[in-house]
>>> print(open('final32.tsv').read())   # TSV, C-alpha atoms (C1' of nucleotides)
chain	number	residue	atom	x	y	z
A	1	MET	CA	103.65	86.32	180.28
A	2	CYS	CA	102.00	85.50	183.49
A	3	LYS	CA	101.31	86.19	187.12
A	4	HIS	CA	101.63	82.53	187.93
A	5	CYS	CA	105.30	82.38	187.09
A	6	ASP	CA	107.96	82.84	189.70
A	7	TYR	CA	110.95	82.18	187.50
A	8	THR	CA	113.37	81.71	190.36
A	9	GLN	CA	111.13	79.15	191.93
A	10	MET	CA	110.49	77.40	188.61
A	11	LEU	CA	114.22	76.90	188.24
A	12	GLU	CA	114.69	75.67	191.79
A	13	VAL	CA	111.81	73.21	191.55
A	14	ARG	CA	113.51	71.58	188.59
A	15	GLY	CA	116.78	71.41	190.44
A	16	VAL	CA	118.45	74.14	188.42
A	17	ASP	CA	120.65	76.67	190.19
A	18	PRO	CA	118.89	80.00	189.53
A	19	THR	CA	121.78	82.11	188.30
A	20	PRO	CA	121.06	85.67	187.14
A	21	LEU	CA	121.55	84.72	183.48
A	22	ARG	CA	119.26	81.70	183.71
A	23	GLU	CA	116.57	83.73	185.41
A	24	GLU	CA	116.86	86.48	182.83
A	25	VAL	CA	116.70	84.04	179.90
A	26	LEU	CA	113.65	82.29	181.34
A	27	ARG	CA	112.04	85.64	182.07
A	28	SER	CA	112.70	86.88	178.54
A	29	VAL	CA	110.96	83.82	177.15
A	30	GLY	CA	108.18	83.90	179.72
A	31	GLU	CA	107.30	87.56	179.41
A	32	GLU	CA	106.70	87.26	175.68
A	33	GLN	CA	103.32	86.26	174.36
A	34	ARG	CA	104.98	84.50	171.42
A	35	PRO	CA	107.96	82.17	171.02
A	36	LEU	CA	111.22	83.92	170.19
A	37	ALA	CA	114.26	83.05	168.11
A	38	ALA	CA	117.55	82.74	169.98
A	39	ALA	CA	118.73	86.05	168.51
A	40	GLU	CA	115.66	87.81	169.90
A	41	ILE	CA	116.17	86.28	173.33
A	42	MET	CA	119.81	87.32	173.10
A	43	ALA	CA	118.77	90.93	172.45
A	44	ALA	CA	116.22	90.88	175.26
A	45	VAL	CA	118.75	89.57	177.76
A	46	GLN	CA	121.46	91.97	176.55
A	47	ASP	CA	119.03	94.72	177.41
A	48	GLN	CA	119.47	93.82	181.06
A	49	MET	CA	122.89	92.23	181.32
A	50	SER	CA	125.76	90.99	179.21
A	51	ILE	CA	125.56	87.42	177.91
A	52	ASN	CA	127.57	85.31	175.53
A	53	LYS	CA	125.96	83.50	172.61
A	54	VAL	CA	127.26	80.13	173.74
A	55	THR	CA	125.99	80.66	177.26
A	56	LEU	CA	122.58	81.53	175.90
A	57	TYR	CA	122.41	78.35	173.83
A	58	ARG	CA	123.57	76.30	176.79
A	59	ILE	CA	120.96	77.82	179.05
A	60	LEU	CA	118.28	77.23	176.42
A	61	ASP	CA	119.41	73.59	176.09
A	62	LEU	CA	119.20	73.24	179.85
A	63	LEU	CA	115.76	74.81	180.10
A	64	VAL	CA	114.46	72.69	177.23
A	65	ASP	CA	115.92	69.63	178.89
A	66	LYS	CA	114.17	70.47	182.17
A	67	GLY	CA	110.91	71.10	180.35
A	68	LEU	CA	110.75	74.77	181.33
A	69	VAL	CA	111.11	75.87	177.72
A	70	LYS	CA	109.90	74.27	174.51
A	71	ARG	CA	111.95	74.31	171.31
A	72	LEU	CA	109.75	74.83	168.26
A	73	SER	CA	110.30	74.48	164.52
A	74	ALA	CA	109.19	77.50	162.56
A	75	GLY	CA	109.69	76.08	159.08
A	76	ASP	CA	112.83	78.16	158.63
A	77	ARG	CA	116.37	77.57	159.84
A	78	ALA	CA	116.04	79.06	163.32
A	79	PHE	CA	114.24	77.46	166.23
A	80	ARG	CA	111.80	79.41	168.35
A	81	TYR	CA	111.69	79.06	172.10
A	82	GLY	CA	108.46	79.32	174.07
A	83	MET	CA	107.37	78.46	177.60
A	84	GLY	CA	106.98	74.79	178.40
A	85	GLU	CA	103.65	73.29	179.36
A	86	THR	CA	102.32	73.93	182.84
A	87	ARG	CA	98.93	73.77	184.44
A	88	HIS	CA	98.37	77.37	183.42
A	89	HIS	CA	99.87	77.02	179.93
A	90	PRO	CA	98.57	73.95	178.13
A	91	ASP	CA	100.16	72.67	174.95
A	92	HIS	CA	98.96	74.56	171.88
A	93	PRO	CA	99.67	74.91	168.16
A	94	HIS	CA	101.42	77.85	166.52
A	95	PHE	CA	101.09	80.02	163.48
A	96	VAL	CA	104.11	81.26	161.52
A	97	CYS	CA	103.90	84.10	159.03
A	98	SER	CA	105.95	83.26	155.96
A	99	ALA	CA	106.29	86.97	155.17
A	100	CYS	CA	107.67	88.35	158.43
A	101	GLY	CA	108.66	85.10	160.16
A	102	VAL	CA	106.84	85.88	163.38
A	103	MET	CA	105.43	82.93	165.28
A	104	GLU	CA	102.18	83.34	167.20
A	105	CYS	CA	100.52	81.06	169.72
A	106	LEU	CA	97.10	79.65	168.90
A	107	GLY	CA	94.44	78.40	171.26
A	108	PRO	CA	94.93	74.95	172.81
A	109	HIS	CA	91.50	73.93	171.50
A	110	LEU	CA	93.00	73.89	168.00
A	111	LEU	CA	95.22	71.02	169.05
A	112	PRO	CA	92.93	68.04	168.49
A	113	SER	CA	92.74	65.82	171.53
A	114	ASN	CA	92.57	62.61	169.52
A	115	VAL	CA	95.99	63.52	168.21
A	116	LYS	CA	97.71	61.22	170.64
A	117	ASP	CA	95.98	58.23	169.06
A	118	ILE	CA	99.19	57.62	167.22
A	119	GLN	CA	100.71	56.56	170.50
A	120	SER	CA	98.92	53.24	170.28
A	121	LYS	CA	99.38	52.83	166.54
A	122	GLY	CA	102.48	50.94	165.62
A	123	ASN	CA	105.31	50.14	167.98
A	124	ARG	CA	106.61	53.58	168.64
A	125	VAL	CA	106.75	55.86	171.62
A	126	VAL	CA	105.49	59.37	170.99
A	127	LYS	CA	106.93	62.01	173.29
A	128	ASN	CA	105.91	65.20	171.62
A	129	VAL	CA	103.45	66.60	169.12
A	130	GLU	CA	103.90	69.77	167.13
A	131	LEU	CA	101.16	71.38	165.07
A	132	ARG	CA	102.10	74.41	163.02
A	133	PHE	CA	100.07	76.56	160.64
A	134	GLU	CA	101.79	78.65	158.02
A	135	GLY	CA	100.49	81.61	156.09
A	136	ILE	CA	100.30	85.39	156.21
A	137	CYS	CA	99.63	87.15	159.48
A	138	GLU	CA	97.15	89.94	160.04
A	139	SER	CA	99.77	92.66	160.14
A	140	CYS	CA	101.43	91.54	156.89
A	141	LEU	CA	98.03	91.28	155.15
A	142	GLN	CA	97.43	94.96	155.94
A	143	ASN	CA	100.83	96.20	154.79
A	144	ASP	CA	100.93	94.38	151.47
B	1	MET	CA	106.60	55.49	145.52
B	2	CYS	CA	103.83	54.93	143.13
B	3	LYS	CA	102.47	53.63	139.87
B	4	HIS	CA	100.48	56.78	139.36
B	5	CYS	CA	103.55	58.97	138.98
B	6	ASP	CA	105.02	59.79	135.60
B	7	TYR	CA	107.72	62.13	136.77
B	8	THR	CA	108.42	63.56	133.33
B	9	GLN	CA	104.79	64.38	132.84
B	10	MET	CA	104.45	65.81	136.35
B	11	LEU	CA	107.21	68.26	135.55
B	12	GLU	CA	105.76	69.21	132.19
B	13	VAL	CA	102.28	69.74	133.60
B	14	ARG	CA	103.70	72.32	136.00
B	15	GLY	CA	105.56	74.03	133.20
B	16	VAL	CA	108.99	72.81	134.27
B	17	ASP	CA	111.49	71.73	131.65
B	18	PRO	CA	112.08	68.04	132.47
B	19	THR	CA	115.87	67.92	132.49
B	20	PRO	CA	117.58	64.66	133.45
B	21	LEU	CA	118.64	66.05	136.82
B	22	ARG	CA	115.18	67.34	137.67
B	23	GLU	CA	113.62	64.03	136.74
B	24	GLU	CA	116.14	62.13	138.79
B	25	VAL	CA	115.67	64.37	141.84
B	26	LEU	CA	111.89	64.06	141.66
B	27	ARG	CA	112.17	60.33	141.14
B	28	SER	CA	114.52	59.97	144.13
B	29	VAL	CA	111.99	61.74	146.31
B	30	GLY	CA	109.02	59.93	144.79
B	31	GLU	CA	110.38	56.41	145.01
B	32	GLU	CA	110.97	56.69	148.74
B	33	GLN	CA	108.24	55.86	151.20
B	34	ARG	CA	109.57	58.51	153.59
B	35	PRO	CA	110.78	62.09	153.24
B	36	LEU	CA	114.53	62.44	152.78
B	37	ALA	CA	117.10	65.00	153.84
B	38	ALA	CA	118.91	66.84	151.05
B	39	ALA	CA	122.07	64.83	151.70
B	40	GLU	CA	120.16	61.58	151.20
B	41	ILE	CA	118.62	62.80	147.98
B	42	MET	CA	122.08	63.90	146.90
B	43	ALA	CA	123.42	60.38	147.49
B	44	ALA	CA	120.48	58.79	145.68
B	45	VAL	CA	120.92	61.01	142.64
B	46	GLN	CA	124.72	60.56	142.63
B	47	ASP	CA	124.02	56.88	142.34
B	48	GLN	CA	122.68	57.51	138.86
B	49	MET	CA	124.42	60.66	137.65
B	50	SER	CA	126.67	63.44	138.81
B	51	ILE	CA	125.05	66.44	140.47
B	52	ASN	CA	126.28	69.50	142.28
B	53	LYS	CA	125.01	70.43	145.74
B	54	VAL	CA	123.87	73.86	144.59
B	55	THR	CA	122.00	72.41	141.66
B	56	LEU	CA	120.24	69.98	143.95
B	57	TYR	CA	119.09	72.76	146.29
B	58	ARG	CA	117.96	74.83	143.34
B	59	ILE	CA	115.98	71.94	141.91
B	60	LEU	CA	114.42	71.26	145.31
B	61	ASP	CA	113.48	74.93	145.63
B	62	LEU	CA	111.90	74.77	142.20
B	63	LEU	CA	109.97	71.58	142.91
B	64	VAL	CA	108.75	72.93	146.25
B	65	ASP	CA	107.72	76.14	144.52
B	66	LYS	CA	105.73	74.18	141.94
B	67	GLY	CA	104.13	72.08	144.64
B	68	LEU	CA	105.62	68.82	143.39
B	69	VAL	CA	107.66	68.43	146.56
B	70	LYS	CA	106.93	69.44	150.12
B	71	ARG	CA	109.59	70.80	152.46
B	72	LEU	CA	109.14	69.49	155.99
B	73	SER	CA	110.61	70.43	159.37
B	74	ALA	CA	112.01	67.49	161.28
B	75	GLY	CA	112.78	69.28	164.52
B	76	ASP	CA	116.48	69.24	163.71
B	77	ARG	CA	118.55	71.48	161.48
B	78	ALA	CA	117.94	69.74	158.15
B	79	PHE	CA	114.73	69.87	156.17
B	80	ARG	CA	113.16	66.72	154.78
B	81	TYR	CA	111.67	66.59	151.31
B	82	GLY	CA	108.65	64.47	150.49
B	83	MET	CA	106.20	64.26	147.61
B	84	GLY	CA	103.66	67.05	147.36
B	85	GLU	CA	99.96	66.44	147.68
B	86	THR	CA	98.13	64.82	144.77
B	87	ARG	CA	94.86	63.02	144.40
B	88	HIS	CA	96.68	59.78	145.17
B	89	HIS	CA	98.81	61.22	148.00
B	90	PRO	CA	96.75	63.28	150.42
B	91	ASP	CA	98.33	65.50	153.04
B	92	HIS	CA	99.41	63.57	156.11
B	93	PRO	CA	101.38	64.01	159.35
B	94	HIS	CA	104.85	62.64	160.02
B	95	PHE	CA	106.75	60.94	162.78
B	96	VAL	CA	110.39	61.71	163.52
B	97	CYS	CA	112.55	59.46	165.65
B	98	SER	CA	114.72	61.56	167.95
B	99	ALA	CA	117.21	58.71	168.22
B	100	CYS	CA	117.96	57.98	164.56
B	101	GLY	CA	116.45	61.06	162.93
B	102	VAL	CA	114.39	59.11	160.42
B	103	MET	CA	111.10	60.66	159.36
B	104	GLU	CA	108.16	58.39	158.60
B	105	CYS	CA	104.81	59.17	156.98
B	106	LEU	CA	101.67	58.59	159.01
B	107	GLY	CA	98.15	57.99	157.78
B	108	PRO	CA	96.19	60.98	156.51
B	109	HIS	CA	93.39	60.11	158.95
B	110	LEU	CA	95.68	61.30	161.76
B	111	LEU	CA	95.52	64.80	160.34
B	112	PRO	CA	92.32	66.11	161.89
B	113	SER	CA	89.99	67.55	159.30
B	114	ASN	CA	88.75	70.35	161.56
B	115	VAL	CA	92.32	71.56	161.64
B	116	LYS	CA	91.67	74.18	159.02
B	117	ASP	CA	89.19	75.93	161.34
B	118	ILE	CA	91.97	78.33	162.11
B	119	GLN	CA	91.54	79.74	158.63
B	120	SER	CA	88.42	81.58	159.77
B	121	LYS	CA	89.79	82.53	163.17
B	122	GLY	CA	91.50	85.89	163.19
B	123	ASN	CA	92.50	87.83	160.14
B	124	ARG	CA	95.15	85.57	158.72
B	125	VAL	CA	95.49	83.42	155.66
B	126	VAL	CA	96.60	79.86	156.31
B	127	LYS	CA	98.38	78.19	153.43
B	128	ASN	CA	99.87	75.15	155.03
B	129	VAL	CA	99.52	72.89	158.04
B	130	GLU	CA	102.22	70.68	159.44
B	131	LEU	CA	101.64	68.07	162.12
B	132	ARG	CA	104.66	66.23	163.45
B	133	PHE	CA	105.01	63.57	166.11
B	134	GLU	CA	108.32	63.00	167.82
B	135	GLY	CA	109.52	60.00	169.76
B	136	ILE	CA	111.36	56.73	169.36
B	137	CYS	CA	110.72	54.57	166.32
B	138	GLU	CA	110.09	50.85	166.33
B	139	SER	CA	113.55	49.96	165.11
B	140	CYS	CA	115.30	52.11	167.74
B	141	LEU	CA	113.11	50.67	170.48
B	142	GLN	CA	114.33	47.20	169.60
B	143	ASN	CA	118.03	48.08	169.44
B	144	ASP	CA	118.25	50.00	172.71
C	1	DA	C1'	144.40	77.82	200.89
C	2	DT	C1'	143.30	74.43	197.96
C	3	DG	C1'	140.93	71.16	195.22
C	4	DG	C1'	136.80	69.95	192.56
C	5	DG	C1'	132.66	71.11	190.40
C	6	DC	C1'	129.60	74.38	188.24
C	7	DT	C1'	128.99	78.42	185.30
C	8	DT	C1'	130.49	81.55	181.86
C	9	DG	C1'	133.36	83.31	178.06
C	10	DC	C1'	136.13	83.20	173.78
C	11	DA	C1'	137.64	81.33	169.45
C	12	DA	C1'	137.19	78.24	166.25
C	13	DC	C1'	134.36	74.94	164.13
C	14	DT	C1'	130.25	72.45	161.81
C	15	DC	C1'	126.53	71.86	158.91
C	16	DA	C1'	122.74	72.99	155.89
C	17	DG	C1'	121.71	75.96	152.82
C	18	DT	C1'	122.79	80.41	149.76
C	19	DT	C1'	125.01	83.85	146.63
C	20	DG	C1'	127.79	85.46	142.91
C	21	DC	C1'	129.68	84.57	138.99
C	22	DA	C1'	131.51	81.64	135.23
C	23	DT	C1'	130.41	77.96	131.86
C	24	DT	C1'	127.61	75.21	128.92
C	25	DC	C1'	123.99	74.23	125.93
C	26	DG	C1'	120.10	74.55	122.95
C	27	DA	C1'	116.64	77.24	120.71
C	28	DA	C1'	115.92	81.51	118.06
C	29	DC	C1'	117.13	85.27	115.05
C	30	DT	C1'	119.51	87.40	111.71
D	1	DA	C1'	126.90	79.50	109.49
D	2	DG	C1'	127.43	82.96	113.08
D	3	DT	C1'	125.44	85.36	116.84
D	4	DT	C1'	122.74	86.02	120.71
D	5	DC	C1'	119.86	85.09	124.41
D	6	DG	C1'	118.06	82.61	128.27
D	7	DA	C1'	117.78	78.70	131.00
D	8	DA	C1'	120.42	75.01	133.49
D	9	DT	C1'	124.45	73.64	135.81
D	10	DG	C1'	128.91	74.02	138.26
D	11	DC	C1'	132.44	75.97	141.43
D	12	DA	C1'	134.08	78.69	145.24
D	13	DA	C1'	133.19	81.37	148.69
D	14	DC	C1'	129.87	82.89	151.95
D	15	DT	C1'	126.04	82.98	155.69
D	16	DG	C1'	123.67	82.06	159.94
D	17	DA	C1'	122.33	79.15	163.60
D	18	DG	C1'	124.01	76.36	166.58
D	19	DT	C1'	128.21	73.47	168.70
D	20	DT	C1'	132.78	72.08	170.63
D	21	DG	C1'	137.02	72.55	173.13
D	22	DC	C1'	139.26	74.67	176.33
D	23	DA	C1'	140.45	78.36	179.55
D	24	DA	C1'	139.00	81.42	183.29
D	25	DG	C1'	136.13	82.66	187.22
D	26	DC	C1'	133.52	81.47	191.13
D	27	DC	C1'	131.88	78.97	195.17
D	28	DC	C1'	131.77	75.61	198.54
D	29	DA	C1'	133.77	71.87	201.37
D	30	DT	C1'	137.27	69.98	203.03
>>> encode(input="final32.tsv", output="structure tokens")
Amino acid sequence: MCKHCDYTQMLEVRGVDPTPLREEVLRSVGEEQRPLAAAEIMAAVQDQMSINKVTLYRILDLLVDKGLVKRLSAGDRAFRYGMGETRHHPDHPHFVCSACGVMECLGPHLLPSNVKDIQSKGNRVVKNVELRFEGICESCLQND
Amino acid sequence: MCKHCDYTQMLEVRGVDPTPLREEVLRSVGEEQRPLAAAEIMAAVQDQMSINKVTLYRILDLLVDKGLVKRLSAGDRAFRYGMGETRHHPDHPHFVCSACGVMECLGPHLLPSNVKDIQSKGNRVVKNVELRFEGICESCLQND
DNA sequence: ATGGGCTTGCAACTCAGTTGCATTCGAACT
DNA sequence: AGTTCGAATGCAACTGAGTTGCAAGCCCAT
């Protein structure tokens, strides 16, 4: 996705042992311009090396836990996994096509800044905000 | 949820035969102040009459299709079902507690109005917007 | 070399939701 | 009345994404 990302270093900085599988999973997520389902990441990694389904899910859990990867709801039964926030990749909303199921990233400016107002409202702690648009993507509109 | 809702009539207006089960499912969703998971709706309906799991899912599909009910992602594996938009119930964001999994409704004012700007951006059609906050709810904060 | 702690793999499981097909029921048509 | 048709419901078995339990492999420090 990005020239700023040294995946090995990103892992080390978060105190995660940079094993080949972990690096490859993070790279597969990072090199994509859109969040992927676990099955897609699986296929991408399998392209380079062999990996077990359980290992993949455990690595994804770990990366999500360390904030390197963000787990996103797509409105269907499978999560999507995209790069976590960094200085170079601010938080942003997503668009999901209900025809083909592809999730796309939208510009960060579409995520209203006043959205964290809820933090002060009521006695709750807000840790995360997710904004998702659903509809039909450009490519599906053409091939209808 | 509401004095404005005549569930039988709501079904009829949308051209849906108001069977006892459909009325009871819609009522179970409508009388709650927060969106429920299918299992919770199941329990609520079972309280009044016997219903099969498959029938419940089919009724929910139907109600979602007719716009009477809205299917919401909670960030976990189970959808939540809340009342669809009406004049009396405008679209609004939700809060999900990652500790107890309960989804709460937030005020419609927290859903930024400029959020539909994306409609014009790019060649896509946006049909739905979902804004979800995640964190720890008031009740879980107290019992920690 | 050996013991303990990560990392990975394999099989079996869970859970929410779905599919296929049988049954029931009520309206409609001889 | 008998038949037929379609819509609504039920039951069992399935699906797909993710999880759990446990064994095996690997590495490093005693």
>>> residues_around(input="final32.tsv", residues="region 15-26 of chain D", least_positions_apart="4", cutoff="12 Å", atoms="all atoms listed in the file", output="compact mmCIF listing (two decimals) with C-alpha atoms (C1' of nucleotides), in the frame of the given file")
# COMPACT_ATOMS: atom_id res chain seq x y z
CA ALA A 37 114.26 83.05 168.11
CA ALA A 38 117.55 82.74 169.98
CA ALA A 39 118.73 86.05 168.51
CA LYS A 53 125.96 83.50 172.61
CA VAL A 54 127.26 80.13 173.74
CA THR A 55 125.99 80.66 177.26
CA LEU A 56 122.58 81.53 175.90
CA TYR A 57 122.41 78.35 173.83
CA ARG A 58 123.57 76.30 176.79
CA LEU A 60 118.28 77.23 176.42
CA ASP A 61 119.41 73.59 176.09
CA ASP A 76 112.83 78.16 158.63
CA ARG A 77 116.37 77.57 159.84
CA ALA A 78 116.04 79.06 163.32
CA PHE A 79 114.24 77.46 166.23
CA ARG A 80 111.80 79.41 168.35
CA ASP B 76 116.48 69.24 163.71
CA ARG B 77 118.55 71.48 161.48
CA ALA B 78 117.94 69.74 158.15
C1' DG C 5 132.66 71.11 190.40
C1' DC C 6 129.60 74.38 188.24
C1' DT C 7 128.99 78.42 185.30
C1' DT C 8 130.49 81.55 181.86
C1' DG C 9 133.36 83.31 178.06
C1' DC C 10 136.13 83.20 173.78
C1' DA C 11 137.64 81.33 169.45
C1' DA C 12 137.19 78.24 166.25
C1' DC C 13 134.36 74.94 164.13
C1' DT C 14 130.25 72.45 161.81
C1' DC C 15 126.53 71.86 158.91
C1' DA C 16 122.74 72.99 155.89
C1' DG C 17 121.71 75.96 152.82
C1' DT C 18 122.79 80.41 149.76
C1' DT C 19 125.01 83.85 146.63
>>> atom_distance(input="final32.tsv", atom1="CA of Pro112 (chain A)", atom2="CA of Ser113 (chain B)")
9.7 Å
>>> atom_distance(input="final32.tsv", atom1="CA of His94 (chain B)", atom2="CA of Gly135 (chain B)")
11.1 Å
>>> closest_atom_pairs(input="final32.tsv", of="chain B", to="chain A", cutoff="9 Å", atoms="all atoms listed in the file", output="tab-separated table")
residue	atom	partner	partner_atom	distance
B:Arg71	CA	A:Gly75	CA	8.5
B:Leu72	CA	A:Gly75	CA	7.3
B:Ser73	CA	A:Gly75	CA	5.7
B:Ala74	CA	A:Ser73	CA	7.9
B:Gly75	CA	A:Ser73	CA	5.8
B:Asp76	CA	A:Ser73	CA	8.1
B:Arg77	CA	A:Arg77	CA	6.7
B:Ala78	CA	A:Arg77	CA	8.2
B:Phe79	CA	A:Gly75	CA	8.5
B:Phe95	CA	A:Val126	CA	8.5
B:Cys97	CA	A:Val126	CA	8.9
B:Leu106	CA	A:Ile118	CA	8.6
B:Leu110	CA	A:Val115	CA	6.8
B:Leu111	CA	A:Val115	CA	8.0
B:Pro112	CA	A:Pro112	CA	6.9
B:Asn114	CA	A:Pro112	CA	8.4
B:Val115	CA	A:Leu110	CA	6.8
B:Lys116	CA	A:Phe133	CA	8.9
B:Asp117	CA	A:Leu110	CA	7.9
B:Ile118	CA	A:Leu110	CA	7.4
B:Gly122	CA	A:Glu138	CA	7.6
B:Asn123	CA	A:Glu138	CA	5.1
B:Arg124	CA	A:Cys137	CA	4.8
B:Val125	CA	A:Ile136	CA	5.2
B:Val126	CA	A:Gly135	CA	4.3
B:Lys127	CA	A:Gly135	CA	4.8
B:Asn128	CA	A:Glu134	CA	5.0
B:Val129	CA	A:Phe133	CA	4.5
B:Glu130	CA	A:Arg132	CA	5.2
B:Leu131	CA	A:Leu131	CA	4.5
B:Arg132	CA	A:Glu130	CA	5.2
B:Phe133	CA	A:Val129	CA	4.5
B:Glu134	CA	A:Asn128	CA	5.0
B:Gly135	CA	A:Val126	CA	4.3
B:Ile136	CA	A:Val125	CA	5.2
B:Cys137	CA	A:Arg124	CA	4.8
B:Glu138	CA	A:Arg124	CA	5.0
B:Ser139	CA	A:Arg124	CA	8.6
B:Cys140	CA	A:Arg124	CA	8.9
B:Leu141	CA	A:Arg124	CA	7.4
>>> closest_residue(input="final32.tsv", among="B:Arg27, B:Arg34, B:His88, B:Lys66", to="Gly101 (chain B)", atoms="all atoms listed in the file")
B:Arg34
>>> build_atoms(input="final32.tsv", residues="region 85-98 of chain B", atoms="N, CA and C atoms", output="PDB file, keeping the file's coordinate frame")
ATOM      1  N   GLU B  85     101.295  67.038 147.696  1.00  0.00           N
ATOM      2  CA  GLU B  85      99.960  66.440 147.680  1.00  0.00           C
ATOM      3  C   GLU B  85      99.474  66.222 146.253  1.00  0.00           C
ATOM      4  N   THR B  86      98.835  65.072 146.031  1.00  0.00           N
ATOM      5  CA  THR B  86      98.130  64.820 144.770  1.00  0.00           C
ATOM      6  C   THR B  86      96.847  64.093 145.144  1.00  0.00           C
ATOM      7  N   ARG B  87      96.069  63.775 144.157  1.00  0.00           N
ATOM      8  CA  ARG B  87      94.860  63.020 144.400  1.00  0.00           C
ATOM      9  C   ARG B  87      95.197  61.687 145.076  1.00  0.00           C
ATOM     10  N   HIS B  88      96.319  61.095 144.643  1.00  0.00           N
ATOM     11  CA  HIS B  88      96.680  59.780 145.170  1.00  0.00           C
ATOM     12  C   HIS B  88      97.462  59.864 146.481  1.00  0.00           C
ATOM     13  N   HIS B  89      98.002  61.063 146.787  1.00  0.00           N
ATOM     14  CA  HIS B  89      98.810  61.220 148.000  1.00  0.00           C
ATOM     15  C   HIS B  89      98.306  62.394 148.805  1.00  0.00           C
ATOM     16  N   PRO B  90      97.307  62.170 149.636  1.00  0.00           N
ATOM     17  CA  PRO B  90      96.750  63.280 150.420  1.00  0.00           C
ATOM     18  C   PRO B  90      97.745  63.745 151.483  1.00  0.00           C
ATOM     19  N   ASP B  91      97.490  64.938 151.980  1.00  0.00           N
ATOM     20  CA  ASP B  91      98.330  65.500 153.040  1.00  0.00           C
ATOM     21  C   ASP B  91      98.252  64.594 154.262  1.00  0.00           C
ATOM     22  N   HIS B  92      99.363  64.486 154.960  1.00  0.00           N
ATOM     23  CA  HIS B  92      99.410  63.570 156.110  1.00  0.00           C
ATOM     24  C   HIS B  92     100.472  64.044 157.098  1.00  0.00           C
ATOM     25  N   PRO B  93     100.361  63.644 158.365  1.00  0.00           N
ATOM     26  CA  PRO B  93     101.380  64.010 159.350  1.00  0.00           C
ATOM     27  C   PRO B  93     102.589  63.090 159.270  1.00  0.00           C
ATOM     28  N   HIS B  94     103.605  63.413 160.040  1.00  0.00           N
ATOM     29  CA  HIS B  94     104.850  62.640 160.020  1.00  0.00           C
ATOM     30  C   HIS B  94     105.314  62.340 161.433  1.00  0.00           C
ATOM     31  N   PHE B  95     106.126  61.320 161.510  1.00  0.00           N
ATOM     32  CA  PHE B  95     106.750  60.940 162.780  1.00  0.00           C
ATOM     33  C   PHE B  95     108.256  61.032 162.606  1.00  0.00           C
ATOM     34  N   VAL B  96     108.933  61.631 163.566  1.00  0.00           N
ATOM     35  CA  VAL B  96     110.390  61.710 163.520  1.00  0.00           C
ATOM     36  C   VAL B  96     110.965  61.043 164.747  1.00  0.00           C
ATOM     37  N   CYS B  97     111.892  60.142 164.530  1.00  0.00           N
ATOM     38  CA  CYS B  97     112.550  59.460 165.650  1.00  0.00           C
ATOM     39  C   CYS B  97     113.699  60.332 166.146  1.00  0.00           C
ATOM     40  N   SER B  98     113.674  60.678 167.419  1.00  0.00           N
ATOM     41  CA  SER B  98     114.720  61.560 167.950  1.00  0.00           C
ATOM     42  C   SER B  98     116.021  60.801 168.163  1.00  0.00           C
TER      43      SER B  98
END
